[in-house]
Structures are given as structure tokens and as C-alpha cells.
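Asks: Here you go, one structure.
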Amino acid sequence: MPGKKKGKGKGKGKGKGKGKGKGKGKKSVQSRDLVVMKNLLKQYDRNCVFTGSQPSASIRHIIKECIEQEKCLSKFILESANPEPEHPVLVEPLLVAFRQIRYDQMKDLHIWNYPMSYENCASLALLLEKPFCNIRLLELVDCLIEAYSINRLAKCFSSNQNLTTLNLDYNEFGDTGVMYLCQGLQDNSSVLSLSLCFCGLGIPSGRLLGKLISTTAVRELYLDGNDLECEGTLELIKLPVDQAEMEAFHRAQIVRLAEEEKLRKLEEEKTNRFKAGTSGESSTEDGGKSSNTSKKKKKGKKKKSKGPPAPPPIGPWIHKLHLADNGIDGMGNKGTFAPVIVMRLFKKLLAHSMCLEELDLEDNLIGDLGGQELKNALTLRKEAKLPSVKIRTTHRMSPNIFNSIVKLGSGLSKKKKKGKKKKK
């Protein structure tokens with residue numbers, strides 16, 4: 001009897017110990033997040049005092065909510081708010097606070113309508129260069145960023161291989177800024193989406209961006225509201241079109257070889273039937289046995305475990321291309337037939353590219369001839385049984401052609417943006 005009591009006592013003790021261990025583990029994680037968020041708020045308030053900045057009410061509110069819930073915040077949004085000109089809301093205290101406490105839980109950083117100076121861009125670049133920085137999405141919209149500030153910001157992209165989406169809309173840094181940006185992204189293999197809408201880009205940017213999408217992993221490009229015109233657009237899509245044509249040729253070659261192999265096997269079967277006699281029955285039995293054994297062998301094979309996802313491919317593959325309001329019309333240096341030449345190039349891209357998903361050509365006067373080229377391209381794509389593509393184009397063409405494009409290309413909704421500006 002006393003031995004049994006001891007055994008029960010041991011079992012209870014073990015169960016209690018395990019339960020305490022699990023509870024302590026959960027509490028330790030929650031308390032760690034709590035400490036991190038408290039340190040962030042404390043450091044942010046302190047930096048605001050040192051710099052004479054007014055703390056952002058929205059940032060402080062959401063940090064306090066995370067403290068109450070004992071969790072870390074992964075998305076930060078900072079907007080310019082100046083109720084008092086003497087004490088504006090500055091971005092520098094927040095960026096410095098991230099570096100001071102080595103905050104590694106941030107995934108998305110949005111800065112809207114804030115005039116970022118060269119010093120602000122340098123401070124942001126220092127944050128992105130840190131090993132603990134895990135930012136995936138960086139959005140600097142309408143921040144008055146100049147070309148020389150882009151030069152400093154772009155230098156951090158070679159060392160940061162976590163960033164996947166970069167949005168610099170409504171910053172008119174022009175072709176010079178694009179040159180600096182492309183130089184910085186040249187050694188980056190993680191950025192997949194690049195948005196440069198209403199940035200004052202001209203024809204030279206088409207060549208620079210065409211080289212960028214051909215030598216990096218960038219596969220989504222948003223360039224609405226610029227002035228690439230026909231010449232810049234040709235330079236932009238020239239290499240992706242060549243790649244799509246080459247892949248289409250290889251696909252056709254593979255299909256042809258497969259058909260030839262199939263015909264050869266059929267001919268071999270016919271010759272074997274003529275040669276086979278009484279011995280043919282035994283051979284078919286042996287063949288059946290061998291096929292059964294091969295099936296058994298196949299069944300015995302173990303399934304391979306799935307490894308980590310492969311890195312994004314680097315090369316001239318474009319998935320989404322938005323070129324709305326880019327002056328693709330007959331008013332440029334190339335003359336009246338320039339839009340037709342550009343649409344013929346788009347025809348090749350649409351007819352052969354497997355990866356193309358979206359194409360936006362809204363607010364470009366391509367005319368009936370250009371619209372006919374797009375219609376023919378979508379027809380060829382459908383006949384080749386390629387994946388459907390979303391396309392949007394101007395309605396300033398023949399109603400029959402426009403309706404055919406709408407039917408063949410699935411609808412593309414407009415990209416919603418906050419505080420959209422009119423193109424100057």
C-alpha cells in the first residue's frame with residue numbers, strides 16, 4: 001500500500017511540472033513581446049523630445065494597443081500631420097528608435113505624404129542595411145524624394161535581400177533617379193514588384209528599366225502616368241519579347257519531338273505485329289509480367305519530401321506591366337505609325353509569353369490599327385491555349401475592336417491609390 005501511494009504522488013508531480021513548463025513558455029514569449037513594444041514606445045517618445053518632434057498619434061495609439069494585447073506590430077504607417085508648425089511630426093525619431101532597440105518584427109513600412117530629406121533617406125537606408133531588418137514591403141508615396149536621395153537609398157538594396165515590394169509613386173525624381181535606382185537594384189535578387197507611377201520618367205527610363213527586368217528578379221512593373229512614349233516602351237519590352245519568342249519556339253519543338261516519338265512507337269508496334277507468330281503470345285505474357293513487376297517497383301518508391309521554395313528566377317520574364325497614360329501615341333518623334341509598331345511588339349509578347357498576367361494600356365491613343373493588333377494577339381493566345389491575361393486599353397477605337405478585346409482579355413480593375421495626383 002505505501003508503494004502505491006508513492007507512485008500516485010510521483011505521477012501527480014510529473015503532470016504538474018509539465019503543465020507549469022508549458023505555461024511558463026507561453027508567458028515568456030508574451031512577456032518578451034510586451035517588453036519590446038514598451039521599449040519601442042519609450043525610445044520613440046524620448047527621441048521625439050530630443051528632436052523637438054510631435055509624436056504621431058496613430059503610431060502611439062497602435063503601439064499601446066499592441067502592449068495591451070502583448071504582441072508585436074509588423075505594419076507601420078506614418079502620415080504627415082502638422083497641426084502645429086512649430087512641432088511637426090518627424091519620421092527620424094521613429095527610424096532611430098527601430099535601430100536603437102533592434103526591432104526585427106516589422107514587415108511593412110508605409111510613409112505617405114511626408115517630405116523626406118536626404119538625411120531621412122540616409123537614416124532609412126541605415127535601417128535597411130541592418131542584419132535584423134526584415135522589411136518585405138517599403139512604400140514611400142508622395143514624399144518629394146529627389147534624385148540624389150534615391151542615390152543614397154538605392155545603395156542599401158544590394159545588402160538587403162528581404163525586400164520584395166518597393167513603391168515610390170508620386171516622387172518626381174525623373175530619369176536620373178531611375179538610373180541610380182537601377183544601379184542599386186542590379187545586385188538585388190529579392191525585389192519582385194516595383195512601382196514608379198507619376199515619377200516624371202521619360203524615354204531614357206525605358207532602356208534602363210528594360211535592362212533591369214531582364215537581369216534581376218523584378219517581374220511586376222507599374223509605370224502609370226509617365227512619358228515613356230513609343231520609343232521608351234519599345235526599349236522596355238524588347239528583351240522580354242525575345243525571351244517569350246524563344247520559349248515558344250522551344251515549346252513547339254518539344255511538341256514536335258513528342259509527336260515524332262509517338263509515330264515511331266506506333267510504327268514499331270505495327271512491324272512487331274507482322275513479325276509475331278505463335279511466339280508472340282509468350283512474349284506478350286512476358287511483357288505483362290515485366291509490366292506488373294515495374295508497377296510493383298513504382299509502388300514501392302517513397303515520395304520525396306518537399307524542400308524549401310526555390311528562389312525567384314532572374315531573367316526577362318514579366319508578369320504584370322502597367323503603362324497607363326504614358327504618351328504611347330502618334331505625336332512623338334517616331335511618327336504616326338509608332339503606336340502600331342509598339343502594338344506589334346505587344347502582339348508577340350501576348351501571343352507567346354506563358355507568364356504574362358496583366359497588361360494595362362489605358363489612356364494611350366493606339367488607334368484602330370493598334371487595337372486590331374491586340375485583338376489578333378489575344379486570339380492567337382487563346383488558340384495556343386496559354387493562360388488568360390487581364391488587359392485594359394483605351395475605348396478610343398472602333399467599338400467592334402474594343403468589344404472583342406474586352407471579351408478576349410479578362411477585366412482588369414484600376415489600381416486604387418490614396419490621394420491620386422493629376423499628371424502635369
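The chains in the C-alpha cells are called A, B, ... from first to last as shown; in each chain the residues are counted from 1, and the ligands are counted from 1 in the order shown.
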Please provide as a list in words all residues within 8 Å of Ile318 in chain A, with the sequence filter that same-chain residues fewer than 4 positions apart are discarded (counting only C-alpha atoms).

Replies: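 Using only C-alpha atoms, the neighbours found are Ile213, Val218, Arg219, Glu220, Leu221, Pro240, Cys355 and Leu356 of chain A.
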
Asks: If we count only C-alpha atoms, what is near range 242-247 of chain A at a cut-off of 8 Å, once residues fewer than 3 positions away on the same chain are taken out, given as a list in words?

Replies: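 Contacts, in chain order: Lys238, Leu239, His250, Arg251, Pro316, Trp317, Lys348, Leu349, His352, Ser353 and Met354 of chain A.
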
Asks: Do you have the CA of Ser158 in chain A-CA of Trp112 in chain A distance handy?

Replies: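 Distance between the two atoms: 24.5 Å.
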
Asks: List as a PDB file with C-alpha atoms, in the first residue's frame the protein and nucleic acid residues near Val89 in chain A, meaning an atom at most 9 Å away when only C-alpha atoms are counted, but skip any in the same chain fewer than 2 places from it.

Replies:
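Okay, result30.pdb is ready:
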ATOM      1  CA  CYS A  48      10.693  62.993 -30.121  1.00  0.00           C
ATOM      2  CA  SER A  53       9.102  66.463 -32.873  1.00  0.00           C
ATOM      3  CA  GLN A  54       5.465  65.856 -32.091  1.00  0.00           C
ATOM      4  CA  PRO A  55       4.797  62.109 -31.647  1.00  0.00           C
ATOM      5  CA  SER A  56       2.492  60.571 -34.241  1.00  0.00           C
ATOM      6  CA  GLU A  79       1.485  60.175 -42.457  1.00  0.00           C
ATOM      7  CA  SER A  80       2.391  63.831 -42.341  1.00  0.00           C
ATOM      8  CA  ALA A  81       0.264  65.735 -39.819  1.00  0.00           C
ATOM      9  CA  ASN A  82       1.150  69.307 -38.879  1.00  0.00           C
ATOM     10  CA  HIS A  87       6.202  70.960 -33.586  1.00  0.00           C
ATOM     11  CA  VAL A  91       9.997  60.459 -39.290  1.00  0.00           C
TER      12      VAL A  91
END

Asks: Which of these, A:Leu138, A:Ile63, A:Leu166, A:Ile405, has the shortest distance to Ala377 in chain A once you count only C-alpha atoms?

Replies: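 Of A:Leu138, A:Ile63, A:Leu166, A:Ile405, the one nearest Ala377 in chain A, counting only C-alpha atoms, is A:Ile405.
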
Asks: Could you please write out, as a PyMOL selection string, every residue of range 93-235 of chain A that DSSP assigns to strand (DSSP E)?

Replies: chain A and resi 108-112+137-141+165-167+193-195+220-222

Asks: Of the residues A:Ile203, A:Ala125, A:Ala384, A:Cys197, which is the one nearest to His322 in chain A, using only C-alpha atoms?

Replies: A:Cys197

Asks: Within 9 Å of Asp368 in chain A, counting only C-alpha atoms, which residues show up once you throw out same-chain ones fewer than 4 positions away? Write them as an MDAnalysis selection string, please.

Replies: chainID A and resid 372:373 396:398 401:402

Asks: Hey, can you check how far CA of Asp169 in chain A sits from CA of Phe198 in chain A?

Replies: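 Spanning CA of Asp169 in chain A to CA of Phe198 in chain A is a straight-line distance of 6.1 Å.
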
Asks: What's around Leu73 in chain A at 8 Å? Count only C-alpha atoms, leave out sequence neighbours fewer than 3 positions away in its own chain, and write the answer as a list in words.

Replies: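 Neighbouring residues, sequence-local ones excluded: Ile63, Cys66, Phe76, Gln105 and Met106 of chain A.
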
Asks: Give me the residues near Glu172 in chain A as a PyMOL selection string, where near means some atom within 9 Å (using only C-alpha atoms) and where sequence neighbours in that chain fewer than 3 positions away do not count.

Replies: chain A and resi 142+144-147+169+177+198-201

Asks: Determine which residues of range 80-197 of chain A DSSP labels as alpha helix (DSSP H) from the backbone of this structure, then write them out as a ChimeraX atom specification.

Replies: /A:92-101,118-129,147-154,174-185

Asks: Could you give me, as a ChimeraX atom specification, the residues within 9 Å of Leu350 in chain A, counting only C-alpha atoms and dropping anything in the same chain fewer than 5 positions from it?

Replies: /A:241,244,345,356,374,377-378,380-381,389

Asks: Using only C-alpha atoms, can you tell me which of A:Phe98, A:Gly330, A:Gln69, A:Tyr180 comes closest to Leu34 in chain A?

Replies: A:Gln69

Asks: Work out how far CA of Glu358 in chain A is from CA of Lys320 in chain A, in Å to one decimal.

Replies: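 Separating CA of Lys320 in chain A from CA of Glu358 in chain A is a distance of 4.6 Å.
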
Asks: Counting only C-alpha atoms, which residue out of A:Gln253, A:Thr176, A:Ser193, A:Asn188 sits closest to Ser205 in chain A?

Replies: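 The answer is A:Thr176, which sits nearest to Ser205 in chain A.
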